Every structure is written in structure tokens, then in C-alpha cells.
Amino acid sequence: MERLSIHDPPPAAAQQSQQQPPQQQQQNLGPASMVTQGPPQLPPQMFTTAAQLLDLTDKKLVLVLRDGRKLVGVLRSWDQFANLVLQDTVERLYAGSLYADIPRGIFIVRGENVLLLGEIDLDREDDVPPNIQQAPFEEVYALKKKEDSERQTSDKKRHGNLQKLGFEAEHSGETLLF
Amino acid sequence: MLFFSFFKTLTNQTVTIELKNDIRIRGTLKSVDQYLNIKLDDVDVLDLDKYPHLSSVKNMFIRGSVVRYVMLPRSEVDVGLLEDATRREAANQAGKAR
């Protein structure tokens, strides 16, 4: 699936109907008529979560979670909800201009907590931005805690101000950090 | 399914995605799926200084649920066609409900 390109012929219709449940096919019918007027399309099996994650399997990735954690590890398994298994995972803590690595091991991550998965360019992996330095974990952790509490205070203040104006803060129901 | 089909027509275009945590990422749209999860190639993170963890990332998978905006090249969007498709989809939905 990785090597499929726009020049490949679409799969035979018979093959397709075997793969897809009939209901799903029916749903595809409406909008598909719009698609056929455009340029040639990639085969439909390219457009599944599975196909997207297949390319990333066994690669070194950075996984950013909804709570702001950054995990660096090798993607070993996944499913259609983007539930993930990462091996040899290292948690990377960033604070100010410092970072620290904490070895963690194997992670099974529930899909809803995934923000993004980035493939690390192994050629550029060691080019840490010049303004960032590695530091001992304790130091980075202390700095991060301080930064987090400062951000919490300012977020609270902003939230309060917005509420006075009649706005509900954007994602007040869930935490989303970076 | 309309926006799924719509994004499929935009594959290989350069788009800018803003996430709900304010990160903006420009890249080539490689793939999209039914949840509007998006795969980007040759990514370029705007304001990279603030997000050092993305500095050596070349392509990424973004979960659809954390996307706030997708900024598209104006020339690649056929608004008329999209309007038609929207009406057709709405008509289909109304037909189903009856």
C-alpha cells in the first residue's frame, strides 16, 4: 500500500465490493460523483487510517499527546482508532531552552489522546536547534513545573476575562497543551 | 462523507493546518481518512522556536479531532462545485430521513 501512486489503476470493482460492507459503499456514492469530475484520484484504500499509519510503522516517531507530553519511540502496532503501541519510548521534557530525556519503555496509547505523530528525519535528528540544550532531568522538571503553574495562572485569568465578556473559553471541557 | 471526498480532491496541495493548541503546520496534503485525520509531507512548522520537538519531523499524521482550521489554496477550491455537492448531500439526507 505504501507504494501506491496516482498512476496505478484503481482496483477492480469486484475486489472492492468484497472489501467494503455494502452500507459503506452506498454512503460513498453521493460525494463520489463530485470526485470523478476532478483529476485522477488515488485508489480508495489509500484513504484509510490504516494506510496512513502503515507508512509510519517501525519508524522512529515523535508522538504528541493531548496533555502536552512528547514521546519518542518506534511505532510497532496500531488500529483504526489510532490506538498505538510504541517501543523503546523516551519521554522528552521541554522547558525554556532546556530539554531532558526519560527512558520509559513500551507505551500503549489510547487513540483519543493522540494529537499528532511525526516521523523523525534521521538525517536531521541530531541537529538540535541551537537555542536548545540538554540538561539533567531534575533541572528541566523543576523549570517545567514552574512554567506550567505560570501558564495555569494566566489561562485562568484569561478565562475569567472572557467569561465576563460572555465568551466560553474554547476548549474548557478538555485540556489541550502543546 | 462530503468533506472526506473534498479533501481527497486536495491531495498533493500545500495546505496550512492550525491545531487546537495553536500550532500551525504547513505541508503537502498526502492523505486523509474518514475521520479527517490528515497526513502531511515536507512539513514546515510556523513559529518553530516555540515547538522544538517538531524540528526534525519531516512528515506527520495529525488526528482529525485536534484540527481547528485547514487553510487551502484558493485556486484549488471550486466553490460552485462544492455548493452543488453540499445541496446534493443535503437532499440525500432529507430523502433518507423521510
# chains A, B, ... in the order shown; residues from 1 in each chain; ligands from 1
>>> select_by_dssp(residues="chain B", states="strand (DSSP E or B)", output="PyMOL selection string")
chain B and resi 14-19+24-32+38-46+57-62+67-71
>>> write_last_selection(atoms="C-alpha atoms", output="compact mmCIF listing (two decimals), in the first residue's frame")
# COMPACT_ATOMS: atom_id res chain seq x y z
CA THR B 14 0.10 22.64 0.03
CA VAL B 15 -2.13 23.38 2.99
CA THR B 16 -1.67 25.03 6.37
CA ILE B 17 -3.25 23.34 9.35
CA GLU B 18 -3.92 25.07 12.62
CA LEU B 19 -4.36 22.78 15.58
CA ARG B 24 0.36 25.94 12.64
CA ILE B 25 1.86 23.47 10.22
CA ARG B 26 2.29 23.89 6.51
CA GLY B 27 2.83 20.85 4.34
CA THR B 28 1.77 18.81 1.37
CA LEU B 29 -1.53 17.05 1.98
CA LYS B 30 -0.75 13.40 1.34
CA SER B 31 -3.77 11.61 2.62
CA VAL B 32 -6.98 11.96 4.57
CA ILE B 38 -4.54 14.12 7.88
CA LYS B 39 -1.14 13.11 6.67
CA LEU B 40 1.29 15.87 5.72
CA ASP B 41 4.62 15.61 3.91
CA ASP B 42 7.53 18.07 3.89
CA VAL B 43 6.18 19.81 6.93
CA ASP B 44 7.15 23.29 7.92
CA VAL B 45 6.11 24.37 11.39
CA LEU B 46 5.37 28.06 11.72
CA VAL B 57 10.00 15.99 11.78
CA LYS B 58 9.62 15.52 8.04
CA ASN B 59 6.10 14.17 7.74
CA MET B 60 3.29 13.76 10.19
CA PHE B 61 -0.06 12.21 10.94
CA ILE B 62 -2.49 14.61 12.57
CA VAL B 67 -7.59 20.26 13.92
CA ARG B 68 -9.06 23.74 14.21
CA TYR B 69 -8.59 25.05 10.68
CA VAL B 70 -7.29 23.81 7.38
CA MET B 71 -6.19 26.67 5.16
>>> residues_around(residues="stretch 50-52 of chain B", least_positions_apart="6", cutoff="9 Å", atoms="only C-alpha atoms", output="CSV table (one decimal) with N, CA and C atoms, in the first residue's frame")
chain,number,residue,atom,x,y,z
A,94,TYR,N,10.4,19.3,27.7
A,94,TYR,CA,11.0,20.6,27.3
A,94,TYR,C,10.6,21.7,28.3
A,128,VAL,N,19.9,19.5,17.0
A,128,VAL,CA,19.0,20.1,17.9
A,128,VAL,C,19.1,21.6,17.7
A,129,PRO,N,18.0,22.3,17.7
A,129,PRO,CA,18.0,23.8,17.5
A,129,PRO,C,19.1,24.4,18.4
A,132,ILE,N,18.5,25.4,22.1
A,132,ILE,CA,18.0,24.3,23.0
A,132,ILE,C,19.2,23.5,23.5
A,178,PHE,N,0.6,21.9,24.3
A,178,PHE,CA,1.4,21.6,23.2
A,178,PHE,C,2.7,20.8,23.5
B,23,ILE,N,-0.7,25.4,17.2
B,23,ILE,CA,0.4,25.1,16.3
B,23,ILE,C,-0.1,25.2,14.9
>>> closest_residue(among="A:Gln80, A:Asp88, A:Ile108, A:Arg124", to="A:Phe47", atoms="only C-alpha atoms")
A:Gln80
>>> closest_residue(among="A:Val109, A:Leu116, A:Val90, A:Val74", to="chain B", atoms="only C-alpha atoms")
A:Leu116
>>> atom_distance(atom1="atom CA of A:Phe107", atom2="atom CA of A:Ala51")
21.5 Å
>>> decode(residues="chain B", atoms="C-alpha atoms", output="short mmCIF file (atom, residue, chain, number, x, y, z; two decimals), in the first residue's frame")
data_model
loop_
_atom_site.label_atom_id
_atom_site.label_comp_id
_atom_site.auth_asym_id
_atom_site.auth_seq_id
_atom_site.Cartn_x
_atom_site.Cartn_y
_atom_site.Cartn_z
CA MET B 1 -18.65 11.96 3.71
CA LEU B 2 -18.66 15.16 1.67
CA PHE B 3 -15.65 16.75 3.30
CA PHE B 4 -13.80 13.48 3.14
CA SER B 5 -14.29 13.48 -0.63
CA PHE B 6 -13.48 17.16 -0.80
CA PHE B 7 -10.16 16.72 1.00
CA LYS B 8 -9.37 13.79 -1.26
CA THR B 9 -9.51 16.16 -4.23
CA LEU B 10 -6.94 18.35 -2.48
CA THR B 11 -4.24 15.70 -2.12
CA ASN B 12 -0.75 16.88 -3.12
CA GLN B 13 -1.70 20.51 -2.49
CA THR B 14 0.10 22.64 0.03
CA VAL B 15 -2.13 23.38 2.99
CA THR B 16 -1.67 25.03 6.37
CA ILE B 17 -3.25 23.34 9.35
CA GLU B 18 -3.92 25.07 12.62
CA LEU B 19 -4.36 22.78 15.58
CA LYS B 20 -6.49 23.46 18.62
CA ASN B 21 -3.33 24.16 20.59
CA ASP B 22 -2.39 26.96 18.14
CA ILE B 23 0.43 25.13 16.33
CA ARG B 24 0.36 25.94 12.64
CA ILE B 25 1.86 23.47 10.22
CA ARG B 26 2.29 23.89 6.51
CA GLY B 27 2.83 20.85 4.34
CA THR B 28 1.77 18.81 1.37
CA LEU B 29 -1.53 17.05 1.98
CA LYS B 30 -0.75 13.40 1.34
CA SER B 31 -3.77 11.61 2.62
CA VAL B 32 -6.98 11.96 4.57
CA ASP B 33 -9.32 9.37 6.04
CA GLN B 34 -12.93 9.14 7.15
CA TYR B 35 -12.21 10.86 10.50
CA LEU B 36 -10.40 13.63 8.61
CA ASN B 37 -7.12 12.51 10.08
CA ILE B 38 -4.54 14.12 7.88
CA LYS B 39 -1.14 13.11 6.67
CA LEU B 40 1.29 15.87 5.72
CA ASP B 41 4.62 15.61 3.91
CA ASP B 42 7.53 18.07 3.89
CA VAL B 43 6.18 19.81 6.93
CA ASP B 44 7.15 23.29 7.92
CA VAL B 45 6.11 24.37 11.39
CA LEU B 46 5.37 28.06 11.72
CA ASP B 47 6.93 29.59 14.81
CA LEU B 48 9.21 26.56 15.18
CA ASP B 49 11.13 28.18 18.06
CA LYS B 50 8.13 27.57 20.28
CA TYR B 51 7.83 23.91 19.32
CA PRO B 52 11.37 22.47 19.33
CA HIS B 53 10.08 18.89 19.46
CA LEU B 54 8.93 19.24 15.85
CA SER B 55 12.25 20.48 14.49
CA SER B 56 13.40 17.19 12.93
CA VAL B 57 10.00 15.99 11.78
CA LYS B 58 9.62 15.52 8.04
CA ASN B 59 6.10 14.17 7.74
CA MET B 60 3.29 13.76 10.19
CA PHE B 61 -0.06 12.21 10.94
CA ILE B 62 -2.49 14.61 12.57
CA ARG B 63 -5.56 13.32 14.33
CA GLY B 64 -8.67 14.91 12.85
CA SER B 65 -10.15 15.70 16.24
CA VAL B 66 -7.42 18.22 17.11
CA VAL B 67 -7.59 20.26 13.92
CA ARG B 68 -9.06 23.74 14.21
CA TYR B 69 -8.59 25.05 10.68
CA VAL B 70 -7.29 23.81 7.38
CA MET B 71 -6.19 26.67 5.16
CA LEU B 72 -6.44 25.77 1.49
CA PRO B 73 -5.07 27.27 -1.71
CA ARG B 74 -7.91 29.43 -3.04
CA SER B 75 -7.28 28.42 -6.65
CA GLU B 76 -7.84 24.74 -5.88
CA VAL B 77 -11.31 25.12 -4.42
CA ASP B 78 -14.18 25.07 -6.87
CA VAL B 79 -16.75 26.81 -4.72
CA GLY B 80 -19.57 26.24 -7.23
CA LEU B 81 -18.91 22.52 -7.34
CA LEU B 82 -18.71 22.38 -3.57
CA GLU B 83 -22.01 24.22 -3.22
CA ASP B 84 -23.67 21.80 -5.63
CA ALA B 85 -22.28 18.83 -3.77
CA THR B 86 -23.48 20.28 -0.47
CA ARG B 87 -27.02 20.69 -1.82
CA ARG B 88 -26.97 17.19 -3.23
CA GLU B 89 -25.78 15.80 0.10
CA ALA B 90 -28.48 17.75 1.94
CA ALA B 91 -31.11 16.46 -0.48
CA ASN B 92 -29.85 12.91 0.07
CA GLN B 93 -30.03 13.34 3.82
CA ALA B 94 -33.58 14.73 3.58
CA GLY B 95 -34.51 11.79 1.36
CA LYS B 96 -33.14 9.35 3.89
CA ALA B 97 -34.97 10.98 6.78
CA ARG B 98 -38.34 10.59 5.02
#
